[in-house]
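Novice: Dropping in upload07.cif, with mmCIF, C-alpha atoms.
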data_entry
loop_
_atom_site.label_atom_id
_atom_site.label_comp_id
_atom_site.auth_asym_id
_atom_site.auth_seq_id
_atom_site.Cartn_x
_atom_site.Cartn_y
_atom_site.Cartn_z
CA MET A 1 113.28 -55.16 -92.18
CA THR A 2 115.43 -54.10 -95.14
CA ASP A 3 118.08 -56.61 -96.13
CA ALA A 4 121.50 -55.86 -94.70
CA ASN A 5 124.10 -56.44 -97.42
CA ALA A 6 127.75 -56.31 -98.35
CA GLY A 7 127.18 -53.05 -100.22
CA ALA A 8 126.35 -51.13 -97.05
CA SER A 9 128.28 -47.93 -96.42
CA THR A 10 130.73 -47.51 -93.53
CA TRP A 11 130.02 -45.35 -90.49
CA THR A 12 132.90 -43.57 -88.72
CA LEU A 13 132.57 -43.68 -84.94
CA ASN A 14 133.61 -41.17 -82.32
CA CYS A 15 136.88 -42.14 -80.63
CA ILE A 16 137.36 -41.74 -76.87
CA ASN A 17 140.90 -41.76 -75.48
CA LEU A 18 140.79 -43.38 -72.04
CA SER A 19 144.22 -42.01 -71.17
CA SER A 20 143.03 -38.42 -71.62
CA SER A 21 142.88 -36.25 -68.51
CA ASP A 22 140.06 -34.21 -70.07
CA ILE A 23 137.21 -36.31 -68.68
CA PRO A 24 134.49 -33.72 -69.46
CA GLN A 25 135.58 -33.86 -73.12
CA SER A 26 135.31 -37.67 -73.03
CA ALA A 27 131.80 -37.36 -71.58
CA SER A 28 130.90 -34.90 -74.34
CA LEU A 29 132.17 -37.30 -77.01
CA LEU A 30 130.16 -40.11 -75.44
CA LYS A 31 127.00 -37.98 -75.53
CA GLN A 32 127.57 -37.20 -79.18
CA ALA A 33 128.23 -40.87 -79.95
CA CYS A 34 124.91 -41.78 -78.36
CA LEU A 35 123.15 -39.26 -80.57
CA ASP A 36 125.01 -40.34 -83.71
CA SER A 37 124.93 -44.13 -83.52
CA GLY A 38 125.11 -45.55 -79.99
CA PHE A 39 128.55 -46.99 -80.81
CA PHE A 40 132.03 -45.54 -80.23
CA TYR A 41 135.68 -46.57 -80.10
CA VAL A 42 137.85 -46.46 -77.00
CA ILE A 43 141.63 -46.34 -77.40
CA ASN A 44 144.55 -46.19 -74.98
CA HIS A 45 142.53 -48.46 -72.73
CA GLY A 46 145.55 -50.02 -71.08
CA ILE A 47 145.29 -53.57 -72.45
CA ASP A 48 148.42 -54.51 -74.31
CA GLN A 49 147.97 -55.30 -78.00
CA ASP A 50 149.99 -58.49 -77.60
CA LEU A 51 147.50 -59.78 -75.02
CA MET A 52 144.52 -58.97 -77.23
CA GLU A 53 146.12 -60.71 -80.18
CA GLU A 54 146.98 -63.69 -77.97
CA VAL A 55 143.30 -63.99 -76.98
CA ILE A 56 142.33 -64.12 -80.66
CA VAL A 57 145.05 -66.74 -81.33
CA GLN A 58 143.84 -68.86 -78.41
CA SER A 59 140.28 -68.41 -79.61
CA ARG A 60 141.24 -69.80 -83.03
CA ARG A 61 142.85 -72.79 -81.35
CA PHE A 62 139.77 -73.51 -79.29
CA PHE A 63 137.30 -73.27 -82.16
CA GLY A 64 139.65 -75.34 -84.31
CA LEU A 65 139.18 -78.33 -82.02
CA PRO A 66 136.96 -81.21 -83.16
CA LEU A 67 133.30 -80.67 -82.30
CA ARG A 68 133.31 -83.61 -79.87
CA GLU A 69 136.04 -81.89 -77.83
CA LYS A 70 134.20 -78.59 -77.73
CA MET A 71 130.94 -80.29 -76.77
CA LYS A 72 132.66 -81.63 -73.64
CA LEU A 73 132.57 -78.00 -72.51
CA LEU A 74 128.95 -77.39 -73.54
CA ARG A 75 127.36 -74.32 -71.97
CA ASN A 76 125.86 -75.04 -68.57
CA GLU A 77 123.05 -73.39 -66.58
CA LYS A 78 125.49 -70.70 -65.41
CA HIS A 79 126.26 -69.73 -69.01
CA ARG A 80 129.82 -70.96 -68.87
CA GLY A 81 131.29 -72.90 -71.75
CA TYR A 82 130.76 -73.68 -75.41
CA THR A 83 127.77 -72.60 -77.51
CA PRO A 84 127.41 -74.47 -80.84
CA LEU A 85 126.09 -73.13 -84.13
CA PHE A 86 122.44 -72.04 -83.92
CA ASP A 87 122.48 -72.05 -80.10
CA GLU A 88 121.37 -68.43 -80.21
CA VAL A 89 118.49 -66.90 -82.16
CA LEU A 90 118.63 -63.11 -81.95
CA ASP A 91 116.07 -62.18 -84.60
CA THR A 92 113.22 -64.69 -84.54
CA ALA A 93 111.24 -62.71 -87.13
CA ASN A 94 113.90 -63.00 -89.84
CA GLN A 95 116.23 -65.90 -89.03
CA ILE A 96 115.59 -69.42 -90.26
CA LYS A 97 117.78 -71.51 -87.91
CA GLY A 98 119.68 -69.09 -85.72
CA ASP A 99 123.09 -67.44 -85.63
CA TYR A 100 125.78 -68.98 -87.83
CA LYS A 101 128.35 -68.58 -85.07
CA GLU A 102 129.82 -70.59 -82.22
CA GLY A 103 130.98 -69.12 -78.95
CA CYS A 104 132.50 -69.74 -75.56
CA TYR A 105 131.46 -68.02 -72.32
CA VAL A 106 134.02 -67.18 -69.62
CA GLY A 107 133.03 -65.51 -66.36
CA ALA A 108 134.67 -64.48 -63.11
CA GLU A 109 136.14 -67.60 -61.51
CA VAL A 110 134.08 -68.37 -58.39
CA PRO A 111 134.95 -71.62 -56.51
CA GLU A 112 132.10 -74.07 -55.93
CA ASP A 113 132.41 -73.75 -52.15
CA ASP A 114 131.92 -69.96 -52.33
CA PRO A 115 128.34 -68.95 -51.36
CA ASP A 116 128.25 -66.67 -54.42
CA ALA A 117 128.65 -69.73 -56.67
CA LYS A 118 124.95 -70.42 -56.16
CA LYS A 119 124.05 -67.24 -58.04
CA PRO A 120 123.31 -67.22 -61.80
CA HIS A 121 126.39 -66.53 -63.95
CA PHE A 122 128.73 -67.23 -61.01
CA GLY A 123 130.73 -70.40 -60.45
CA PRO A 124 133.75 -72.26 -61.85
CA ASN A 125 134.60 -71.84 -65.51
CA LEU A 126 134.75 -74.72 -67.96
CA TRP A 127 138.35 -74.86 -69.18
CA PRO A 128 139.88 -77.04 -71.90
CA SER A 129 142.63 -79.24 -70.51
CA GLU A 130 146.20 -77.94 -70.38
CA GLU A 131 147.27 -80.90 -72.51
CA ILE A 132 145.01 -79.81 -75.35
CA LEU A 133 145.31 -76.01 -75.03
CA PRO A 134 148.20 -74.94 -72.78
CA ARG A 135 147.78 -71.59 -70.94
CA TRP A 136 144.33 -71.13 -72.47
CA GLY A 137 142.49 -70.55 -69.22
CA GLN A 138 145.26 -68.37 -67.80
CA THR A 139 145.19 -66.11 -70.87
CA MET A 140 141.40 -65.70 -70.66
CA GLU A 141 141.49 -64.89 -66.95
CA ILE A 142 144.13 -62.18 -67.43
CA PHE A 143 142.17 -60.61 -70.26
CA HIS A 144 138.88 -60.93 -68.38
CA ASN A 145 140.27 -59.01 -65.39
CA GLN A 146 141.75 -56.25 -67.53
CA ALA A 147 138.62 -55.86 -69.65
CA LEU A 148 136.59 -55.48 -66.45
CA ASN A 149 138.79 -52.53 -65.47
CA VAL A 150 138.28 -50.92 -68.90
CA ALA A 151 134.49 -51.33 -68.69
CA LYS A 152 134.46 -49.68 -65.26
CA VAL A 153 136.37 -46.69 -66.66
CA VAL A 154 133.77 -46.37 -69.42
CA ALA A 155 131.04 -46.57 -66.76
CA ARG A 156 132.59 -43.58 -64.96
CA ILE A 157 132.41 -41.54 -68.18
CA ILE A 158 128.76 -42.53 -68.62
CA VAL A 159 128.09 -41.27 -65.09
CA LEU A 160 129.36 -37.80 -66.03
CA ALA A 161 127.35 -37.82 -69.25
CA LEU A 162 124.24 -38.51 -67.16
CA ASP A 163 125.03 -35.69 -64.69
CA LEU A 164 125.42 -38.11 -61.79
CA GLU A 165 127.99 -38.16 -59.01
CA ALA A 166 131.36 -39.39 -60.29
CA ASP A 167 131.25 -42.50 -58.08
CA PHE A 168 127.58 -43.35 -58.70
CA PHE A 169 128.18 -46.73 -60.35
CA ASP A 170 130.87 -47.56 -57.77
CA LYS A 171 128.25 -47.86 -55.05
CA PRO A 172 128.27 -51.27 -53.27
CA GLU A 173 124.78 -52.12 -54.51
CA ILE A 174 125.70 -51.54 -58.17
CA LEU A 175 129.19 -52.69 -59.16
CA SER A 176 130.78 -54.13 -56.01
CA LYS A 177 130.19 -57.69 -57.29
CA PRO A 178 129.31 -57.21 -60.96
CA ILE A 179 128.56 -59.89 -63.52
CA PRO A 180 131.44 -59.64 -66.03
CA ILE A 181 131.10 -61.99 -68.99
CA LEU A 182 133.70 -62.66 -71.69
CA ARG A 183 132.46 -64.34 -74.84
CA LEU A 184 134.70 -65.59 -77.62
CA LEU A 185 132.95 -65.78 -80.99
CA HIS A 186 133.75 -67.55 -84.25
CA TYR A 187 131.84 -66.93 -87.47
CA GLU A 188 132.36 -69.62 -90.09
CA GLY A 189 133.35 -68.67 -93.62
CA LEU A 190 129.75 -68.36 -94.73
CA ILE A 191 128.26 -65.76 -97.05
CA SER A 192 125.15 -64.42 -95.36
CA ASP A 193 121.91 -64.21 -97.29
CA PRO A 194 119.41 -62.00 -95.44
CA SER A 195 116.72 -62.76 -98.02
CA LYS A 196 116.88 -66.38 -96.81
CA GLY A 197 117.24 -65.56 -93.12
CA ILE A 198 120.94 -66.44 -93.00
CA TYR A 199 123.04 -64.17 -90.77
CA GLY A 200 126.27 -64.47 -88.87
CA ALA A 201 124.33 -62.87 -86.02
CA GLY A 202 120.74 -61.71 -86.34
CA ALA A 203 119.65 -58.14 -85.77
CA HIS A 204 119.54 -57.33 -82.07
CA SER A 205 120.47 -54.81 -79.43
CA ASP A 206 122.68 -55.98 -76.58
CA PHE A 207 120.53 -56.49 -73.53
CA GLY A 208 123.00 -55.58 -70.79
CA PHE A 209 124.83 -52.53 -69.47
CA ILE A 210 128.10 -52.05 -71.43
CA THR A 211 129.64 -54.12 -74.24
CA LEU A 212 133.29 -53.99 -75.29
CA LEU A 213 134.10 -55.64 -78.62
CA ALA A 214 137.43 -56.41 -80.25
CA THR A 215 137.68 -58.23 -83.58
CA ASP A 216 140.19 -59.48 -86.08
CA ASP A 217 140.55 -57.62 -89.39
CA VAL A 218 137.56 -59.21 -91.09
CA PRO A 219 134.57 -56.83 -91.42
CA GLY A 220 131.03 -57.95 -90.71
CA LEU A 221 129.49 -55.79 -87.99
CA GLN A 222 126.67 -53.56 -89.24
CA ILE A 223 124.60 -51.08 -87.24
CA CYS A 224 121.21 -49.48 -87.78
CA LYS A 225 121.27 -46.01 -86.25
CA ASN A 226 117.49 -45.67 -86.29
CA LYS A 227 115.81 -48.97 -85.49
CA ASP A 228 112.36 -47.41 -85.89
CA ALA A 229 113.02 -46.27 -89.48
CA LYS A 230 111.12 -47.84 -92.37
CA PRO A 231 113.08 -49.11 -94.23
CA GLN A 232 116.05 -49.62 -91.95
CA ALA A 233 119.46 -48.46 -93.18
CA TRP A 234 122.54 -50.53 -92.29
CA GLU A 235 126.16 -49.36 -92.14
CA TYR A 236 129.43 -51.18 -91.47
CA VAL A 237 131.55 -50.48 -88.42
CA GLN A 238 135.17 -51.34 -89.13
CA PRO A 239 137.68 -52.66 -86.60
CA LEU A 240 140.20 -50.01 -85.59
CA LYS A 241 143.91 -50.53 -85.05
CA GLY A 242 146.64 -47.91 -84.86
CA MET A 243 149.39 -46.37 -82.83
CA PHE A 244 150.14 -43.24 -80.87
CA PHE A 245 153.50 -41.71 -80.08
CA THR A 246 155.00 -40.85 -76.71
CA LEU A 247 156.98 -37.92 -78.12
CA HIS A 248 156.25 -35.54 -75.30
CA ASN A 249 157.71 -37.79 -72.60
CA PHE A 250 160.71 -38.64 -74.79
CA LEU A 251 161.55 -35.02 -75.55
CA THR A 252 161.20 -34.12 -71.89
CA GLU A 253 163.71 -36.80 -70.88
CA HIS A 254 166.15 -36.22 -73.78
CA ASN A 255 167.16 -32.67 -74.66
CA ASN A 256 170.22 -33.76 -76.61
CA LEU A 257 169.61 -33.27 -80.35
CA THR A 258 172.02 -36.06 -81.35
CA THR A 259 170.20 -38.56 -79.16
CA ILE A 260 166.86 -37.49 -80.59
CA LEU A 261 168.01 -37.78 -84.21
CA LYS A 262 169.48 -41.26 -83.64
CA THR A 263 166.30 -42.59 -82.08
CA ASN A 264 163.97 -44.72 -84.15
CA ILE A 265 160.63 -42.95 -83.95
CA LEU A 266 158.78 -46.28 -84.09
CA SER A 267 160.35 -47.20 -80.76
CA MET A 268 158.22 -44.42 -79.25
CA ALA A 269 155.02 -45.81 -80.73
CA ILE A 270 152.44 -47.71 -78.72
CA TRP A 271 150.26 -49.93 -80.87
CA TYR A 272 146.67 -50.62 -79.94
CA ILE A 273 143.54 -52.49 -80.91
CA ALA A 274 140.54 -50.30 -80.16
CA PHE A 275 137.45 -51.59 -78.44
CA ILE A 276 134.15 -50.97 -80.18
CA VAL A 277 131.77 -50.02 -77.38
CA ASN A 278 128.01 -50.00 -77.35
CA LEU A 279 125.47 -49.42 -74.63
CA GLY A 280 122.77 -51.98 -74.03
CA ASP A 281 119.07 -52.24 -73.22
CA MET A 282 119.68 -52.25 -69.47
CA LEU A 283 121.28 -48.81 -69.62
CA GLU A 284 118.42 -47.68 -71.84
CA ARG A 285 116.05 -48.62 -69.01
CA TRP A 286 118.28 -47.02 -66.38
CA SER A 287 118.63 -43.74 -68.27
CA ASN A 288 114.97 -43.50 -69.30
CA TRP A 289 116.18 -42.90 -72.90
CA ARG A 290 118.13 -39.86 -71.81
CA PHE A 291 120.48 -39.96 -74.82
CA SER A 292 118.06 -40.20 -77.72
CA LYS A 293 117.22 -38.37 -80.87
CA ALA A 294 113.66 -38.91 -79.67
CA SER A 295 114.36 -36.16 -77.12
CA TYR A 296 114.33 -33.50 -79.82
CA TYR A 297 110.92 -32.02 -79.21
CA ARG A 298 108.67 -29.36 -77.79
CA LEU A 299 110.72 -26.33 -76.87
CA TYR A 300 111.79 -25.06 -80.25
CA LEU A 301 109.07 -22.39 -80.14
CA THR A 302 110.89 -20.70 -77.24
CA CYS A 303 113.40 -19.47 -79.81
CA CYS A 304 110.73 -17.08 -81.00
CA PHE A 305 111.11 -15.09 -77.81
CA PHE A 306 114.75 -14.40 -78.59
CA ALA A 307 114.83 -13.64 -82.30
CA SER A 308 112.03 -12.63 -84.58
CA PHE A 309 113.43 -14.60 -87.51
CA CYS A 310 112.65 -17.76 -85.60
CA GLN A 311 109.00 -17.09 -86.32
CA ILE A 312 109.42 -18.35 -89.86
CA TYR A 313 110.33 -21.75 -88.46
CA THR A 314 107.33 -21.98 -86.18
CA ASN A 315 105.37 -24.09 -88.62
CA LEU A 316 108.36 -26.02 -89.89
CA TYR A 317 109.96 -27.30 -86.71
CA ILE A 318 108.40 -28.80 -83.64
CA TYR A 319 111.62 -30.36 -82.37
CA ILE A 320 114.51 -29.01 -80.39
CA TYR A 321 117.35 -30.78 -78.70
CA ILE A 322 116.58 -30.61 -74.97
CA GLY A 323 118.62 -33.54 -73.69
CA PHE A 324 119.92 -36.96 -74.46
CA ALA A 325 118.61 -40.46 -74.03
CA ILE A 326 120.59 -43.64 -74.18
CA ARG A 327 119.01 -45.90 -76.76
CA SER A 328 120.51 -49.29 -77.46
CA THR A 329 121.45 -49.68 -81.11
CA LEU A 330 120.33 -52.46 -83.43
CA HIS A 331 123.25 -54.37 -84.96
CA LEU A 332 124.02 -57.64 -86.73
CA VAL A 333 126.88 -59.55 -88.34
CA ILE A 334 127.01 -60.29 -92.06
CA GLY A 335 129.30 -63.07 -93.27
CA ASN A 336 131.37 -62.36 -96.40
CA GLY A 337 132.87 -65.82 -96.93
CA GLN A 338 135.82 -65.30 -94.56
CA GLU A 339 136.16 -66.74 -91.09
CA ARG A 340 135.82 -64.03 -88.44
CA TYR A 341 136.82 -64.00 -84.77
CA SER A 342 135.71 -61.49 -82.16
CA ILE A 343 135.99 -60.96 -78.42
CA ALA A 344 132.94 -59.57 -76.63
CA PHE A 345 133.02 -58.46 -73.01
CA PHE A 346 129.80 -57.62 -71.20
CA LEU A 347 129.63 -55.72 -67.91
CA GLU A 348 126.45 -56.18 -65.89
CA PRO A 349 125.74 -54.85 -62.38
CA ASN A 350 125.33 -56.90 -59.20
CA HIS A 351 122.68 -59.62 -59.15
CA GLU A 352 120.61 -57.74 -56.57
CA CYS A 353 121.01 -54.33 -58.22
CA LEU A 354 117.62 -52.74 -58.79
CA VAL A 355 117.60 -51.25 -62.28
CA GLU A 356 115.25 -48.28 -62.04
CA CYS A 357 115.12 -44.82 -63.53
CA LEU A 358 118.14 -42.75 -62.50
CA PRO A 359 117.41 -39.56 -60.55
CA THR A 360 118.80 -37.25 -63.26
CA CYS A 361 116.79 -38.95 -66.00
CA MET A 362 113.22 -38.24 -64.93
CA SER A 363 110.98 -35.27 -64.28
CA LYS A 364 107.32 -34.44 -64.03
CA GLU A 365 107.24 -34.07 -67.82
CA ASN A 366 109.39 -37.17 -68.38
CA PRO A 367 108.31 -39.86 -65.88
CA PRO A 368 109.97 -43.30 -65.79
CA LYS A 369 109.18 -45.34 -68.90
CA PHE A 370 110.20 -48.73 -67.48
CA PRO A 371 109.25 -50.48 -64.21
CA PRO A 372 112.09 -51.32 -61.77
CA ILE A 373 113.60 -54.79 -62.16
CA LEU A 374 116.40 -56.75 -60.49
CA CYS A 375 119.43 -57.27 -62.69
CA GLN A 376 119.41 -61.05 -62.22
CA THR A 377 115.71 -61.26 -63.12
CA TYR A 378 116.22 -59.16 -66.22
CA LEU A 379 119.24 -61.16 -67.44
CA ALA A 380 117.46 -64.48 -66.86
CA GLN A 381 114.58 -63.33 -69.06
CA ARG A 382 116.81 -62.08 -71.87
CA TYR A 383 119.18 -65.07 -71.92
CA GLY A 384 116.19 -67.41 -71.86
CA ASP A 385 114.64 -65.61 -74.82
CA THR A 386 117.69 -65.98 -77.07
CA HIS A 387 119.48 -69.24 -76.17
CA ALA A 388 118.47 -72.80 -76.88
CA ASP A 389 117.08 -74.86 -74.01
CA LEU A 390 119.82 -77.15 -72.70
CA ASP A 391 117.38 -80.04 -72.81
CA VAL A 392 117.76 -79.97 -76.60
CA TYR A 393 121.37 -81.09 -76.25
CA ARG A 394 120.58 -83.66 -73.57
CA LYS A 395 118.01 -85.28 -75.88
CA GLU A 396 120.56 -85.37 -78.69
CA GLU A 397 123.02 -87.20 -76.41
CA VAL A 398 120.37 -89.80 -75.61
#
Turn this file's structure into structure tokens for me.

Specialist:
Amino acid sequence: MTDANAGASTWTLNCINLSSSDIPQSASLLKQACLDSGFFYVINHGIDQDLMEEVIVQSRRFFGLPLREKMKLLRNEKHRGYTPLFDEVLDTANQIKGDYKEGCYVGAEVPEDDPDAKKPHFGPNLWPSEEILPRWGQTMEIFHNQALNVAKVVARIIVLALDLEADFFDKPEILSKPIPILRLLHYEGLISDPSKGIYGAGAHSDFGFITLLATDDVPGLQICKNKDAKPQAWEYVQPLKGMFFTLHNFLTEHNNLTTILKTNILSMAIWYIAFIVNLGDMLERWSNWRFSKASYYRLYLTCCFFASFCQIYTNLYIYIYIGFAIRSTLHLVIGNGQERYSIAFFLEPNHECLVECLPTCMSKENPPKFPPILCQTYLAQRYGDTHADLDVYRKEEV
């Protein structure tokens, strides 16, 4: 693995407007994003900027608590609660201790007396007391619910990109009772040193379905567009903030020139914090790699039947773009000496959802590459591979 470093270039992502009525165009942009990098922005997602900034403020307050207070909310078997530094090791081949980050998991609130509370990732959340952090839990629940809606909208665009029925992921067995997970993250003001195995977050691909990420203004996220390349090339993805104007609606409602000229144009602006979206390993399995540069092969020679000049390329090209395959993208976080806060939201399907090759993603020439697996089984394996055993903390208490 080539060292990721602060001198990496910056990659500009495709931007998908979730308020656009041109859904086929959004699906086309998503396809292109999968070919380019596997990451893209979504804007006009419907979550107010004030709420997103409030989540970051509340996150700072939580991580600013003394360690003994945070450890009272230590992550449990349901993956709810606080994760200390080094709790997660995402790149065992290159990291020395683990990720130099702390986090806090928040899930859908499921009462203990609900039968679903027996399932992994379901149950009551672990909240700090109102006396210590007023309105903290309420803020996280509001954001959690709204982020779930955004992720479902993204899922509907993915459906179109995969040539499936528009309501495919809305089926009862897929997203009727999904596993939505919010994770607050705090990276200490550490300067990463890849040569010594020190990373904010080690190189990894997200192992679920869809990830939404919002961050403060501090850079750190780097992606590797081709994880099979030797050496690997890393590029920064910057947080995106901006505004759009509601001029059309205003001009429709006000045809008086004097009124228009007296209006402050900034009053018609809607400010936003974009989500950085990436697609995880589970969708890679589902789609049978349907959005991949690896799908550029075989049929280029058919061009020769249509134009004689193509003959000169016969010996030069053996690849042609014949489809797409979703490939999860390798990414990591490099610390630059500044504290960094981010909000990650993960959407996973129902516990009992069978993740198997989608009908539009296989053929006689392209059979399923992955065996079917239950979502809950898959998540248990991946979480177990990357998080510390809770017995480690119990022994430390003793």

Novice: Give as a PyMOL selection string the residues that the PyMOL selection byres ((chain A and resi 192-200) around 6) matches when applied to the coordinates above.

Specialist: chain A and resi 3+94-96+99-101+191+201-202+333-335

Novice: I need the chosen residues saved as a tab-separated table (two decimals), in the frame of the given file, with C-alpha atoms.

Specialist:
chain	number	residue	atom	x	y	z
A	3	ASP	CA	118.08	-56.61	-96.13
A	94	ASN	CA	113.90	-63.00	-89.84
A	95	GLN	CA	116.23	-65.90	-89.03
A	96	ILE	CA	115.59	-69.42	-90.26
A	99	ASP	CA	123.09	-67.44	-85.63
A	100	TYR	CA	125.78	-68.98	-87.83
A	101	LYS	CA	128.35	-68.58	-85.07
A	191	ILE	CA	128.26	-65.76	-97.05
A	201	ALA	CA	124.33	-62.87	-86.02
A	202	GLY	CA	120.74	-61.71	-86.34
A	333	VAL	CA	126.88	-59.55	-88.34
A	334	ILE	CA	127.01	-60.29	-92.06
A	335	GLY	CA	129.30	-63.07	-93.27

Novice: Within 12 Å of (118.3, -61.5, -71.4) in the file's own coordinates, which protein, DNA or RNA residues have an atom, counting only C-alpha atoms? List them as a list in words.

Specialist: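 Answer for this query, in the requested form: His79, Glu88, Leu90, His204, Ser205, Asp206, Phe207, Gly208, Phe209, Gly280, Asp281, Met282, Glu348, Cys375, Gln376, Thr377, Tyr378, Leu379, Ala380, Gln381, Arg382, Tyr383, Gly384, Asp385, Thr386 and His387 of chain A.
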
Novice: Print the selection's residues with C-alpha atoms to a file, as an mmCIF file, in the frame of the given file.

Specialist:
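The resulting file, out37.cif, is shown below:
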data_model
loop_
_atom_site.group_PDB
_atom_site.id
_atom_site.type_symbol
_atom_site.label_atom_id
_atom_site.label_comp_id
_atom_site.auth_asym_id
_atom_site.auth_seq_id
_atom_site.Cartn_x
_atom_site.Cartn_y
_atom_site.Cartn_z
ATOM 1 C CA HIS A 79 126.260 -69.730 -69.010
ATOM 2 C CA GLU A 88 121.370 -68.430 -80.210
ATOM 3 C CA LEU A 90 118.630 -63.110 -81.950
ATOM 4 C CA HIS A 204 119.540 -57.330 -82.070
ATOM 5 C CA SER A 205 120.470 -54.810 -79.430
ATOM 6 C CA ASP A 206 122.680 -55.980 -76.580
ATOM 7 C CA PHE A 207 120.530 -56.490 -73.530
ATOM 8 C CA GLY A 208 123.000 -55.580 -70.790
ATOM 9 C CA PHE A 209 124.830 -52.530 -69.470
ATOM 10 C CA GLY A 280 122.770 -51.980 -74.030
ATOM 11 C CA ASP A 281 119.070 -52.240 -73.220
ATOM 12 C CA MET A 282 119.680 -52.250 -69.470
ATOM 13 C CA GLU A 348 126.450 -56.180 -65.890
ATOM 14 C CA CYS A 375 119.430 -57.270 -62.690
ATOM 15 C CA GLN A 376 119.410 -61.050 -62.220
ATOM 16 C CA THR A 377 115.710 -61.260 -63.120
ATOM 17 C CA TYR A 378 116.220 -59.160 -66.220
ATOM 18 C CA LEU A 379 119.240 -61.160 -67.440
ATOM 19 C CA ALA A 380 117.460 -64.480 -66.860
ATOM 20 C CA GLN A 381 114.580 -63.330 -69.060
ATOM 21 C CA ARG A 382 116.810 -62.080 -71.870
ATOM 22 C CA TYR A 383 119.180 -65.070 -71.920
ATOM 23 C CA GLY A 384 116.190 -67.410 -71.860
ATOM 24 C CA ASP A 385 114.640 -65.610 -74.820
ATOM 25 C CA THR A 386 117.690 -65.980 -77.070
ATOM 26 C CA HIS A 387 119.480 -69.240 -76.170
#

Novice: Identify which of the residues A:Met140, A:Leu164, A:Ile23, A:Leu332 lies closest to Glu109 (chain A), counting only C-alpha atoms when measuring atom-to-atom distances.

Specialist: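 Result for the nearest residue to Glu109 (chain A): A:Met140.
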
Novice: Evaluate the PyMOL selection byres ((chain A and resi 56) around 9) against this structure - the residues, as a list in words, please.

Specialist: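 Selected by the PyMOL selection byres ((chain A and resi 56) around 9) in this file: Leu51, Met52, Glu53, Glu54, Val55, Val57, Gln58, Ser59, Arg60, Arg61, Leu184, Thr215, Asp216, Tyr341, Ser342 and Ile343 of chain A.
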
Novice: Can you list, as JSON, numbers by chain, the residues that the PyMOL selection byres ((chain A and resi 278) around 7) selects here?

Specialist: {"A": [38, 39, 40, 210, 211, 212, 276, 277, 279, 280]}

Novice: Create the file for the chosen residues now, containing C-alpha atoms and written as a PDB file, keeping the file's coordinate frame.

Specialist:
ATOM      1  CA  GLY A  38     125.110 -45.550 -79.990  1.00  0.00           C
ATOM      2  CA  PHE A  39     128.550 -46.990 -80.810  1.00  0.00           C
ATOM      3  CA  PHE A  40     132.030 -45.540 -80.230  1.00  0.00           C
ATOM      4  CA  ILE A 210     128.100 -52.050 -71.430  1.00  0.00           C
ATOM      5  CA  THR A 211     129.640 -54.120 -74.240  1.00  0.00           C
ATOM      6  CA  LEU A 212     133.290 -53.990 -75.290  1.00  0.00           C
ATOM      7  CA  ILE A 276     134.150 -50.970 -80.180  1.00  0.00           C
ATOM      8  CA  VAL A 277     131.770 -50.020 -77.380  1.00  0.00           C
ATOM      9  CA  LEU A 279     125.470 -49.420 -74.630  1.00  0.00           C
ATOM     10  CA  GLY A 280     122.770 -51.980 -74.030  1.00  0.00           C
TER      11      GLY A 280
END

Novice: If we count all atoms listed in the file, what is near Leu390 (chain A) at a cut-off of 12 Å, once residues fewer than 4 positions away on the same chain are taken out, given as a list in words?

Specialist: Leu74, Arg75, Asn76, Glu77, Lys78, His79, Tyr82, Thr83, Pro84, Asp87, Glu88, Gly384, Arg394, Lys395, Glu396 and Glu397 of chain A

Novice: Would you mind listing what lies within 9 Å of region 110-112 of chain A as a ChimeraX atom specification, with all atoms listed in the file counted and same-chain residues fewer than 2 positions away left out?

Specialist: /A:107-108,114-118,122-125

Novice: Quick one, how far is CA of Ala93 (chain A) from CA of Asp389 (chain A)?

Specialist: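 These two atoms are separated by 18.8 Å.
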
Novice: What does the structure give for the distance between CA of Tyr236 (chain A) and CA of Gly337 (chain A), in Å to one decimal?

Specialist: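 Distance between the two atoms: 16.0 Å.
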
Novice: What's the separation between CA of Ala33 (chain A) and CA of Ala166 (chain A), in Å to one decimal place?

Specialist: 20.0 Å

Novice: Of the candidates A:Gly220, A:Pro349, A:Pro368, A:Gly46, which shows the shortest atom-to-atom distance to His331 (chain A), using all atoms listed in the file?

Specialist: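 Nearest to His331 (chain A): A:Gly220.
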
Novice: Given all atoms listed in the file as the basis, pick out the residue of A:Pro128, A:Pro239, A:Pro178, A:Pro172 nearest to Lys72 (chain A).

Specialist: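 That would be A:Pro128, the residue with the smallest distance to Lys72 (chain A).
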
Novice: Applying 7 Å and all atoms listed in the file, which residues near Phe275 (chain A) remain after dropping the ones on its own chain fewer than 6 positions away? List them as a list in words.

Specialist: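 Once the adjacent positions are removed, what remains is Tyr41, Val42, Ile43, Leu212, Leu213 and Ala214 of chain A.
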
Novice: Name all residues at most 10 Å from His144 (chain A) (count all atoms listed in the file; drop same-chain ones fewer than 2 positions away) and give them as a list in words.

Specialist: Val106, Gly107, Ala108, Glu109, Gln138, Thr139, Met140, Glu141, Ile142, Gln146, Ala147, Leu148, Asn149, Pro180, Ile181, Leu182, Arg183 and Phe345 of chain A
